[in-house]
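Data block for protein.cif (mmCIF, C-alpha atoms and all ligand atoms; chains and numbers go by the auth columns):
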```cif
data_model
#
loop_
_atom_site.group_PDB
_atom_site.id
_atom_site.type_symbol
_atom_site.label_atom_id
_atom_site.label_comp_id
_atom_site.label_asym_id
_atom_site.label_seq_id
_atom_site.Cartn_x
_atom_site.Cartn_y
_atom_site.Cartn_z
_atom_site.B_iso_or_equiv
_atom_site.auth_seq_id
_atom_site.auth_asym_id
ATOM 1 C CA MET A 1 1.820 21.734 -0.527 0.00 1 A
ATOM 2 C CA ALA A 2 3.668 22.225 2.732 0.00 2 A
ATOM 3 C CA ALA A 3 7.325 21.564 2.487 0.00 3 A
ATOM 4 C CA VAL A 4 9.303 23.289 5.244 0.00 4 A
ATOM 5 C CA THR A 5 12.631 24.886 4.372 0.00 5 A
ATOM 6 C CA LEU A 6 15.114 26.405 6.795 0.00 6 A
ATOM 7 C CA THR A 7 17.867 28.446 5.144 0.00 7 A
ATOM 8 C CA ASN A 8 20.787 29.628 7.275 0.00 8 A
ATOM 9 C CA VAL A 9 18.522 30.011 10.291 0.00 9 A
ATOM 10 C CA VAL A 10 20.217 31.686 13.231 0.00 10 A
ATOM 11 C CA LYS A 11 18.871 32.257 16.738 0.00 11 A
ATOM 12 C CA ARG A 12 20.399 34.495 19.363 0.00 12 A
ATOM 13 C CA PHE A 13 19.166 35.117 22.885 0.00 13 A
ATOM 14 C CA GLY A 14 20.897 38.380 23.744 0.00 14 A
ATOM 15 C CA VAL A 15 24.571 37.779 22.993 0.00 15 A
ATOM 16 C CA PHE A 16 24.252 34.002 23.069 0.00 16 A
ATOM 17 C CA GLU A 17 23.849 32.325 19.694 0.00 17 A
ATOM 18 C CA VAL A 18 22.043 29.004 20.188 0.00 18 A
ATOM 19 C CA VAL A 19 21.320 28.068 16.524 0.00 19 A
ATOM 20 C CA HIS A 20 24.234 28.667 14.169 0.00 20 A
ATOM 21 C CA GLY A 21 22.858 28.759 10.625 0.00 21 A
ATOM 22 C CA ALA A 22 20.661 25.698 10.196 0.00 22 A
ATOM 23 C CA ASN A 23 19.877 24.415 6.687 0.00 23 A
ATOM 24 C CA ILE A 24 17.087 21.828 6.711 0.00 24 A
ATOM 25 C CA ASP A 25 14.826 20.845 3.784 0.00 25 A
ATOM 26 C CA ILE A 26 11.696 18.935 4.705 0.00 26 A
ATOM 27 C CA ALA A 27 9.520 17.516 1.932 0.00 27 A
ATOM 28 C CA ASP A 28 5.744 17.794 1.814 0.00 28 A
ATOM 29 C CA GLY A 29 4.312 14.878 3.788 0.00 29 A
ATOM 30 C CA GLU A 30 7.636 13.833 5.270 0.00 30 A
ATOM 31 C CA PHE A 31 8.100 12.723 8.912 0.00 31 A
ATOM 32 C CA VAL A 32 11.286 14.340 10.165 0.00 32 A
ATOM 33 C CA VAL A 33 12.665 13.912 13.675 0.00 33 A
ATOM 34 C CA PHE A 34 15.017 16.433 15.304 0.00 34 A
ATOM 35 C CA VAL A 35 17.156 14.585 17.782 0.00 35 A
ATOM 36 C CA GLY A 36 19.976 15.655 20.070 0.00 36 A
ATOM 37 C CA PRO A 37 20.891 16.116 23.714 0.00 37 A
ATOM 38 C CA SER A 38 19.103 18.509 26.028 0.00 38 A
ATOM 39 C CA GLY A 39 19.923 22.157 25.261 0.00 39 A
ATOM 40 C CA CYS A 40 21.048 21.586 21.639 0.00 40 A
ATOM 41 C CA GLY A 41 18.302 23.824 20.232 0.00 41 A
ATOM 42 C CA LYS A 42 15.507 21.419 19.238 0.00 42 A
ATOM 43 C CA SER A 43 12.670 23.327 20.903 0.00 43 A
ATOM 44 C CA THR A 44 14.039 26.657 19.716 0.00 44 A
ATOM 45 C CA LEU A 45 14.047 25.439 16.107 0.00 45 A
ATOM 46 C CA LEU A 46 10.502 24.142 16.443 0.00 46 A
ATOM 47 C CA ARG A 47 9.278 27.340 18.071 0.00 47 A
ATOM 48 C CA MET A 48 10.826 29.405 15.273 0.00 48 A
ATOM 49 C CA ILE A 49 9.072 27.240 12.655 0.00 49 A
ATOM 50 C CA ALA A 50 5.812 27.655 14.574 0.00 50 A
ATOM 51 C CA GLY A 51 6.293 31.414 14.779 0.00 51 A
ATOM 52 C CA LEU A 52 6.387 31.404 18.576 0.00 52 A
ATOM 53 C CA GLU A 53 9.949 32.728 18.543 0.00 53 A
ATOM 54 C CA ASP A 54 11.515 35.365 16.257 0.00 54 A
ATOM 55 C CA ILE A 55 14.440 34.319 14.111 0.00 55 A
ATOM 56 C CA SER A 56 17.691 36.286 14.304 0.00 56 A
ATOM 57 C CA GLY A 57 18.823 35.458 10.767 0.00 57 A
ATOM 58 C CA GLY A 58 17.991 33.392 7.680 0.00 58 A
ATOM 59 C CA ASP A 59 14.615 32.310 6.312 0.00 59 A
ATOM 60 C CA ILE A 60 11.892 29.843 7.197 0.00 60 A
ATOM 61 C CA ALA A 61 9.562 28.909 4.340 0.00 61 A
ATOM 62 C CA ILE A 62 6.422 26.788 4.579 0.00 62 A
ATOM 63 C CA GLY A 63 4.760 25.615 1.388 0.00 63 A
ATOM 64 C CA GLY A 64 7.238 27.715 -0.577 0.00 64 A
ATOM 65 C CA LYS A 65 6.297 30.958 1.184 0.00 65 A
ATOM 66 C CA VAL A 66 8.765 32.767 3.464 0.00 66 A
ATOM 67 C CA MET A 67 7.097 32.959 6.880 0.00 67 A
ATOM 68 C CA ASN A 68 9.578 35.097 8.852 0.00 68 A
ATOM 69 C CA ASP A 69 7.034 37.849 9.446 0.00 69 A
ATOM 70 C CA VAL A 70 3.855 35.763 9.391 0.00 70 A
ATOM 71 C CA GLU A 71 1.930 35.364 12.668 0.00 71 A
ATOM 72 C CA ALA A 72 1.910 31.901 14.262 0.00 72 A
ATOM 73 C CA ALA A 73 -1.853 31.561 13.739 0.00 73 A
ATOM 74 C CA ASP A 74 -1.482 32.148 9.987 0.00 74 A
ATOM 75 C CA ARG A 75 1.269 29.607 9.299 0.00 75 A
ATOM 76 C CA GLY A 76 -0.962 26.547 8.839 0.00 76 A
ATOM 77 C CA ILE A 77 0.845 24.832 11.668 0.00 77 A
ATOM 78 C CA ALA A 78 -0.261 23.129 14.881 0.00 78 A
ATOM 79 C CA MET A 79 2.037 22.229 17.731 0.00 79 A
ATOM 80 C CA VAL A 80 1.722 19.510 20.382 0.00 80 A
ATOM 81 C CA PHE A 81 3.713 19.996 23.569 0.00 81 A
ATOM 82 C CA GLN A 82 5.047 17.705 26.252 0.00 82 A
ATOM 83 C CA SER A 83 2.699 19.184 28.836 0.00 83 A
ATOM 84 C CA TYR A 84 -0.832 18.638 27.626 0.00 84 A
ATOM 85 C CA ALA A 85 -2.070 22.122 28.561 0.00 85 A
ATOM 86 C CA LEU A 86 -5.717 21.018 28.517 0.00 86 A
ATOM 87 C CA TYR A 87 -8.345 23.249 30.114 0.00 87 A
ATOM 88 C CA PRO A 88 -9.159 21.411 33.366 0.00 88 A
ATOM 89 C CA HIS A 89 -12.692 22.776 33.762 0.00 89 A
ATOM 90 C CA MET A 90 -13.783 21.860 30.220 0.00 90 A
ATOM 91 C CA THR A 91 -14.920 18.509 28.853 0.00 91 A
ATOM 92 C CA VAL A 92 -12.875 16.765 26.186 0.00 92 A
ATOM 93 C CA GLU A 93 -15.361 17.940 23.568 0.00 93 A
ATOM 94 C CA GLN A 94 -15.055 21.548 24.772 0.00 94 A
ATOM 95 C CA ASN A 95 -11.261 21.279 24.859 0.00 95 A
ATOM 96 C CA LEU A 96 -11.321 20.172 21.217 0.00 96 A
ATOM 97 C CA SER A 97 -13.743 22.825 19.998 0.00 97 A
ATOM 98 C CA PHE A 98 -12.586 25.798 22.086 0.00 98 A
ATOM 99 C CA GLY A 99 -9.987 27.221 19.704 0.00 99 A
ATOM 100 C CA LEU A 100 -12.291 26.943 16.703 0.00 100 A
ATOM 101 C CA ARG A 101 -15.172 28.576 18.588 0.00 101 A
ATOM 102 C CA MET A 102 -12.897 31.431 19.672 0.00 102 A
ATOM 103 C CA ASN A 103 -11.951 31.983 16.029 0.00 103 A
ATOM 104 C CA GLY A 104 -15.611 32.184 15.054 0.00 104 A
ATOM 105 C CA ASN A 105 -15.480 29.003 12.990 0.00 105 A
ATOM 106 C CA PRO A 106 -19.025 27.992 11.884 0.00 106 A
ATOM 107 C CA LYS A 107 -20.747 25.653 14.357 0.00 107 A
ATOM 108 C CA ALA A 108 -21.487 22.816 11.921 0.00 108 A
ATOM 109 C CA ASP A 109 -17.906 22.791 10.635 0.00 109 A
ATOM 110 C CA THR A 110 -16.548 22.821 14.202 0.00 110 A
ATOM 111 C CA GLU A 111 -18.745 19.833 15.063 0.00 111 A
ATOM 112 C CA ARG A 112 -17.565 17.983 11.946 0.00 112 A
ATOM 113 C CA ARG A 113 -13.906 18.612 12.764 0.00 113 A
ATOM 114 C CA VAL A 114 -14.268 17.572 16.415 0.00 114 A
ATOM 115 C CA LYS A 115 -16.102 14.387 15.424 0.00 115 A
ATOM 116 C CA ARG A 116 -13.448 13.521 12.871 0.00 116 A
ATOM 117 C CA ALA A 117 -10.589 14.107 15.344 0.00 117 A
ATOM 118 C CA ALA A 118 -12.360 11.974 17.954 0.00 118 A
ATOM 119 C CA GLU A 119 -12.764 9.146 15.440 0.00 119 A
ATOM 120 C CA ILE A 120 -9.182 9.329 14.230 0.00 120 A
ATOM 121 C CA LEU A 121 -7.876 9.230 17.813 0.00 121 A
ATOM 122 C CA ARG A 122 -10.523 6.791 19.050 0.00 122 A
ATOM 123 C CA ILE A 123 -11.630 9.035 21.899 0.00 123 A
ATOM 124 C CA ASP A 124 -15.341 9.160 20.934 0.00 124 A
ATOM 125 C CA GLU A 125 -16.283 7.558 24.245 0.00 125 A
ATOM 126 C CA LEU A 126 -14.447 10.176 26.304 0.00 126 A
ATOM 127 C CA MET A 127 -16.045 13.340 24.957 0.00 127 A
ATOM 128 C CA GLN A 128 -17.999 14.266 28.109 0.00 128 A
ATOM 129 C CA ARG A 129 -15.140 13.616 30.553 0.00 129 A
ATOM 130 C CA ARG A 130 -12.874 16.229 32.050 0.00 130 A
ATOM 131 C CA PRO A 131 -9.060 15.994 31.877 0.00 131 A
ATOM 132 C CA LYS A 132 -8.694 14.758 35.472 0.00 132 A
ATOM 133 C CA GLN A 133 -10.865 11.747 34.552 0.00 133 A
ATOM 134 C CA LEU A 134 -8.414 10.708 31.818 0.00 134 A
ATOM 135 C CA SER A 135 -5.221 8.658 31.842 0.00 135 A
ATOM 136 C CA GLY A 136 -1.940 10.209 30.665 0.00 136 A
ATOM 137 C CA GLY A 137 -2.228 8.574 27.257 0.00 137 A
ATOM 138 C CA GLN A 138 -5.817 9.733 26.852 0.00 138 A
ATOM 139 C CA ARG A 139 -4.840 13.283 27.766 0.00 139 A
ATOM 140 C CA GLN A 140 -2.086 13.248 25.196 0.00 140 A
ATOM 141 C CA ARG A 141 -4.624 12.017 22.610 0.00 141 A
ATOM 142 C CA VAL A 142 -6.858 14.982 23.422 0.00 142 A
ATOM 143 C CA ALA A 143 -3.864 17.322 23.082 0.00 143 A
ATOM 144 C CA ILE A 144 -3.152 15.838 19.648 0.00 144 A
ATOM 145 C CA GLY A 145 -6.875 16.147 18.854 0.00 145 A
ATOM 146 C CA ARG A 146 -6.691 19.861 19.505 0.00 146 A
ATOM 147 C CA ALA A 147 -4.002 20.053 16.835 0.00 147 A
ATOM 148 C CA ILE A 148 -5.987 17.895 14.375 0.00 148 A
ATOM 149 C CA VAL A 149 -9.151 20.034 14.513 0.00 149 A
ATOM 150 C CA ARG A 150 -7.153 22.958 13.172 0.00 150 A
ATOM 151 C CA GLU A 151 -6.514 20.896 10.021 0.00 151 A
ATOM 152 C CA PRO A 152 -2.937 22.150 9.742 0.00 152 A
ATOM 153 C CA GLN A 153 -0.563 21.484 6.845 0.00 153 A
ATOM 154 C CA VAL A 154 2.272 20.872 9.266 0.00 154 A
ATOM 155 C CA PHE A 155 2.304 19.227 12.705 0.00 155 A
ATOM 156 C CA LEU A 156 5.041 19.999 15.189 0.00 156 A
ATOM 157 C CA PHE A 157 5.604 17.769 18.220 0.00 157 A
ATOM 158 C CA ASP A 158 7.921 18.778 21.061 0.00 158 A
ATOM 159 C CA GLU A 159 8.784 15.659 23.075 0.00 159 A
ATOM 160 C CA PRO A 160 5.089 14.749 23.260 0.00 160 A
ATOM 161 C CA LEU A 161 5.626 11.392 24.971 0.00 161 A
ATOM 162 C CA SER A 162 8.219 12.187 27.609 0.00 162 A
ATOM 163 C CA ASN A 163 5.642 12.358 30.416 0.00 163 A
ATOM 164 C CA LEU A 164 4.307 8.875 29.654 0.00 164 A
ATOM 165 C CA ASP A 165 5.527 5.545 31.013 0.00 165 A
ATOM 166 C CA ALA A 166 7.551 3.237 28.773 0.00 166 A
ATOM 167 C CA GLU A 167 4.669 1.013 27.674 0.00 167 A
ATOM 168 C CA LEU A 168 2.422 3.931 26.784 0.00 168 A
ATOM 169 C CA ARG A 169 5.244 5.605 24.909 0.00 169 A
ATOM 170 C CA VAL A 170 5.471 2.595 22.603 0.00 170 A
ATOM 171 C CA GLN A 171 1.694 2.595 22.074 0.00 171 A
ATOM 172 C CA MET A 172 1.584 6.308 21.320 0.00 172 A
ATOM 173 C CA ARG A 173 4.494 5.981 18.924 0.00 173 A
ATOM 174 C CA VAL A 174 2.435 3.542 16.888 0.00 174 A
ATOM 175 C CA GLU A 175 -0.536 5.924 17.087 0.00 175 A
ATOM 176 C CA ILE A 176 1.506 8.862 15.845 0.00 176 A
ATOM 177 C CA SER A 177 2.864 6.809 12.937 0.00 177 A
ATOM 178 C CA ARG A 178 -0.673 5.812 12.012 0.00 178 A
ATOM 179 C CA LEU A 179 -1.779 9.432 12.278 0.00 179 A
ATOM 180 C CA HIS A 180 0.971 10.495 9.916 0.00 180 A
ATOM 181 C CA LYS A 181 -0.123 7.942 7.334 0.00 181 A
ATOM 182 C CA GLU A 182 -3.818 8.736 7.741 0.00 182 A
ATOM 183 C CA LEU A 183 -3.492 12.518 7.590 0.00 183 A
ATOM 184 C CA GLY A 184 -0.684 12.593 5.035 0.00 184 A
ATOM 185 C CA VAL A 185 0.673 15.834 6.483 0.00 185 A
ATOM 186 C CA THR A 186 4.213 16.992 7.149 0.00 186 A
ATOM 187 C CA MET A 187 5.333 16.193 10.692 0.00 187 A
ATOM 188 C CA ILE A 188 8.348 17.499 12.566 0.00 188 A
ATOM 189 C CA TYR A 189 8.962 15.682 15.812 0.00 189 A
ATOM 190 C CA VAL A 190 11.468 16.607 18.496 0.00 190 A
ATOM 191 C CA THR A 191 12.886 14.061 20.918 0.00 191 A
ATOM 192 C CA HIS A 192 16.058 13.231 22.806 0.00 192 A
ATOM 193 C CA ASP A 193 15.132 9.529 22.582 0.00 193 A
ATOM 194 C CA GLN A 194 17.081 7.646 19.890 0.00 194 A
ATOM 195 C CA THR A 195 14.594 4.768 19.729 0.00 195 A
ATOM 196 C CA GLU A 196 11.738 7.148 19.048 0.00 196 A
ATOM 197 C CA ALA A 197 13.772 8.838 16.337 0.00 197 A
ATOM 198 C CA MET A 198 14.797 5.573 14.679 0.00 198 A
ATOM 199 C CA THR A 199 11.282 4.112 14.649 0.00 199 A
ATOM 200 C CA LEU A 200 9.282 7.194 13.622 0.00 200 A
ATOM 201 C CA ALA A 201 11.425 9.107 11.154 0.00 201 A
ATOM 202 C CA ASP A 202 11.596 9.150 7.388 0.00 202 A
ATOM 203 C CA ARG A 203 14.685 11.241 8.037 0.00 203 A
ATOM 204 C CA ILE A 204 16.495 12.286 11.192 0.00 204 A
ATOM 205 C CA VAL A 205 18.206 15.621 11.813 0.00 205 A
ATOM 206 C CA VAL A 206 20.961 15.167 14.405 0.00 206 A
ATOM 207 C CA LEU A 207 21.710 18.342 16.352 0.00 207 A
ATOM 208 C CA LYS A 208 24.572 19.202 18.654 0.00 208 A
ATOM 209 C CA ALA A 209 24.999 22.546 20.392 0.00 209 A
ATOM 210 C CA GLY A 210 23.037 24.494 17.789 0.00 210 A
ATOM 211 C CA ASN A 211 24.622 22.815 14.753 0.00 211 A
ATOM 212 C CA VAL A 212 23.138 20.306 12.337 0.00 212 A
ATOM 213 C CA GLU A 213 25.576 17.390 12.469 0.00 213 A
ATOM 214 C CA GLN A 214 23.880 15.152 9.904 0.00 214 A
ATOM 215 C CA ILE A 215 20.559 14.639 8.113 0.00 215 A
ATOM 216 C CA GLY A 216 19.545 11.246 6.763 0.00 216 A
ATOM 217 C CA ALA A 217 17.308 8.212 6.842 0.00 217 A
ATOM 218 C CA PRO A 218 17.632 6.241 10.104 0.00 218 A
ATOM 219 C CA LEU A 219 19.508 3.338 8.555 0.00 219 A
ATOM 220 C CA ASP A 220 21.842 5.638 6.617 0.00 220 A
ATOM 221 C CA LEU A 221 22.793 7.404 9.845 0.00 221 A
ATOM 222 C CA TYR A 222 23.308 4.076 11.517 0.00 222 A
ATOM 223 C CA ASP A 223 25.395 2.613 8.678 0.00 223 A
ATOM 224 C CA ASP A 224 27.277 5.749 7.772 0.00 224 A
ATOM 225 C CA PRO A 225 27.437 8.291 10.616 0.00 225 A
ATOM 226 C CA ALA A 226 29.213 11.538 9.678 0.00 226 A
ATOM 227 C CA ASN A 227 31.199 11.578 12.911 0.00 227 A
ATOM 228 C CA ARG A 228 31.616 10.006 16.285 0.00 228 A
ATOM 229 C CA PHE A 229 28.940 12.150 17.896 0.00 229 A
ATOM 230 C CA VAL A 230 26.313 10.920 15.425 0.00 230 A
ATOM 231 C CA ALA A 231 27.530 7.349 15.779 0.00 231 A
ATOM 232 C CA GLY A 232 27.343 7.573 19.565 0.00 232 A
ATOM 233 C CA PHE A 233 23.973 9.206 19.554 0.00 233 A
ATOM 234 C CA ILE A 234 22.351 6.865 17.049 0.00 234 A
ATOM 235 C CA GLY A 235 23.946 3.876 18.725 0.00 235 A
ATOM 236 C CA SER A 236 25.804 2.624 15.693 0.00 236 A
ATOM 237 C CA PRO A 237 28.895 0.479 16.368 0.00 237 A
ATOM 238 C CA LYS A 238 31.288 2.799 14.433 0.00 238 A
HETATM 239 P P1 LIG B . 16.407 21.610 23.597 0.00 301 A
HETATM 240 O O1 LIG B . 14.966 21.738 23.240 0.00 301 A
HETATM 241 O O2 LIG B . 17.219 20.896 22.554 0.00 301 A
HETATM 242 O O3 LIG B . 16.631 20.992 24.944 0.00 301 A
HETATM 243 P P2 LIG B . 16.343 24.512 23.642 0.00 301 A
HETATM 244 O O4 LIG B . 15.993 24.855 22.238 0.00 301 A
HETATM 245 O O5 LIG B . 15.284 24.591 24.642 0.00 301 A
HETATM 246 O O6 LIG B . 17.047 23.073 23.663 0.00 301 A
HETATM 247 O O7 LIG B . 17.535 25.451 24.097 0.00 301 A
HETATM 248 C C1 LIG B . 18.677 25.705 23.318 0.00 301 A
HETATM 249 C C2 LIG B . 19.586 26.683 24.040 0.00 301 A
HETATM 250 O O8 LIG B . 18.958 27.949 24.086 0.00 301 A
HETATM 251 C C3 LIG B . 19.869 26.281 25.473 0.00 301 A
HETATM 252 O O9 LIG B . 21.206 26.637 25.752 0.00 301 A
HETATM 253 C C4 LIG B . 18.901 27.143 26.266 0.00 301 A
HETATM 254 O O10 LIG B . 19.401 27.409 27.538 0.00 301 A
HETATM 255 C C5 LIG B . 18.814 28.394 25.420 0.00 301 A
HETATM 256 N N1 LIG B . 17.518 29.076 25.542 0.00 301 A
HETATM 257 C C6 LIG B . 16.316 28.557 25.204 0.00 301 A
HETATM 258 N N2 LIG B . 15.328 29.445 25.406 0.00 301 A
HETATM 259 C C7 LIG B . 15.916 30.564 25.899 0.00 301 A
HETATM 260 C C8 LIG B . 15.444 31.856 26.307 0.00 301 A
HETATM 261 N N3 LIG B . 14.147 32.175 26.234 0.00 301 A
HETATM 262 N N4 LIG B . 16.359 32.741 26.739 0.00 301 A
HETATM 263 C C9 LIG B . 17.676 32.437 26.795 0.00 301 A
HETATM 264 N N5 LIG B . 18.189 31.251 26.420 0.00 301 A
HETATM 265 C C10 LIG B . 17.329 30.326 25.991 0.00 301 A
HETATM 266 MG MG MG B . 13.275 21.117 24.312 0.00 302 A
#
```

Go through the file and emit its structure as structure tokens.
Amino acid sequence: MAAVTLTNVVKRFGVFEVVHGANIDIADGEFVVFVGPSGCGKSTLLRMIAGLEDISGGDIAIGGKVMNDVEAADRGIAMVFQSYALYPHMTVEQNLSFGLRMNGNPKADTERRVKRAAEILRIDELMQRRPKQLSGGQRQRVAIGRAIVREPQVFLFDEPLSNLDAELRVQMRVEISRLHKELGVTMIYVTHDQTEAMTLADRIVVLKAGNVEQIGAPLDLYDDPANRFVAGFIGSPK
């Protein structure tokens, strides 16, 4: 069980408050997209959930357990970033297994996990290549593979497709949807792209300057935006 609950979450950088008491309830297995303009606090929220950034106030619970003081590695979470951050000198297979090997995971289990990730992402044929021999989409698949091998309860994506061209973005969107269905895990996905939000999300969280403006299913936001900002952002005619 890995619902994610944010209760009055505040973030300050020095004297600047950039998240002003966010309340967000994400159900186990849900696909939730955080959307909003650049600088509204999407990455900061994600990094706090991941444990890569301290919170200044409130609580973050994962699977019903408050995680405020739990190390990132122990939160059952994996994060995929916009930059692929693959190790250039390693093969795809080594990139996938590296983290597990460093953690002393048993060899046979590591091999099983890497094989499974490669099958799910259809990169079996690429295992002996190095990152520079891959296309942008293939690199992003490997980056997602590195998250899959950790077998997390929750996946976090921070604008994972923004470095890809338009056609690839559409393809990868379909892939990520399929992944969500196949793995059945909770996914939180950050983007500033309305189309991505509308097509991927079970529910969308619309953010503006550190505030949650509205949370709802894509069509509900479209049909019944809480205010003009949401309407404008979602592209609804209201
Ligand atoms: P988004 O991902 O929505 O573009 P961010 O979460 O990156 O927004 O940033 C939210 C706000 O917090 C911005 O005003 C940004 O300048 C500020 N911010 C982010 N990280 C830091 C930091 N390490 N130190 C100071 N301010 C930061
Ligand atoms: Mg960001």

Using only C-alpha atoms: which of A:Val15, A:Val190, A:Val206, A:Val9 has the shortest distance to Lys42 (chain A): A:Val190

Test item: the PyMOL selection byres (((not hetatm)) within 7 of (chain A and resi 301)) resolved as a PyMOL selection string: chain A and resi 13+18+36-45

Residues in the PyMOL selection byres (((chain A and resi 128) around 7) and not hetatm), expressed as a count of residues only: 7

Within-12 Å shell of (22.4, 17.7, 9.4) in input frame, all atoms listed in the file, as a VMD selection string: chain A and resid 6 21 to 26 32 to 36 203 to 208 210 to 217 221 225 to 227 230

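Distance check against Leu168 (chain A) using all atoms listed in the file: of A:Ser135, A:Val4, A:Ile77, A:Asn95, the minimum falls on A:Ser135.
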
Chain and number of each residue from the PyMOL selection byres (((chain A and resi 117) around 10) and not hetatm), as an NGL selection string: :A and (96 or 111-116 or 118-124 or 141-142 or 144-151)

Near-region 157-164 of chain A list (10 Å; only C-alpha atoms; drop same-chain fewer than 4 positions) as a PyMOL selection string: chain A and resi 33-35+42-43+46-47+78-84+135-137+140+143-144+147+168-170+172-173+187-193+196

Atomic distance CA of His180 (chain A) - CA of Leu219 (chain A), expressed in Å with one decimal: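 A separation of 19.9 Å between them.
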
Two-atom distance - atom MG of ligand MG 302 (chain A), CA of Leu86 (chain A) (Å):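 Atom MG of ligand MG 302 (chain A) sits 19.5 Å away from CA of Leu86 (chain A).
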
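Shortest atom-to-atom contact with Leu100 (chain A) among A:Val154, A:Met48, A:Ile55, A:Ala73: A:Ala73, counting all atoms listed in the file.
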
Between CA of Leu179 (chain A) and CA of Ala2 (chain A), distance in Å (one decimal):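 One can read the CA of Leu179 (chain A) to CA of Ala2 (chain A) distance as 16.9 Å.
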
Residue with smallest distance to Phe233 (chain A) - pool A:Asp220, A:Gly184, A:Thr195, A:His20, counting all atoms listed in the file: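 Selected residue with least distance to Phe233 (chain A): A:Thr195.
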
May I have the residues within 9 Å of Ile176 (chain A) as an mmCIF file with C-alpha atoms, in the frame of the given file, using only C-alpha atoms and disregarding those fewer than 5 positions away in the same chain?
```cif
data_model
loop_
_atom_site.group_PDB
_atom_site.id
_atom_site.type_symbol
_atom_site.label_atom_id
_atom_site.label_comp_id
_atom_site.auth_asym_id
_atom_site.auth_seq_id
_atom_site.Cartn_x
_atom_site.Cartn_y
_atom_site.Cartn_z
ATOM 1 C CA GLN A 171 1.694 2.595 22.074
ATOM 2 C CA LYS A 181 -0.123 7.942 7.334
ATOM 3 C CA LEU A 200 9.282 7.194 13.622
#
```

Non-local contacts of Ser56 (chain A) (7 Å; only C-alpha atoms; under 5 positions in same chain excluded) as an MDAnalysis selection string: chainID A and resid 10:12

Shell around Lys65 (chain A) at 12 Å using all atoms listed in the file, local window under 3 positions removed, as a ChimeraX atom specification: /A:1-6,59-62,68-70,74-76
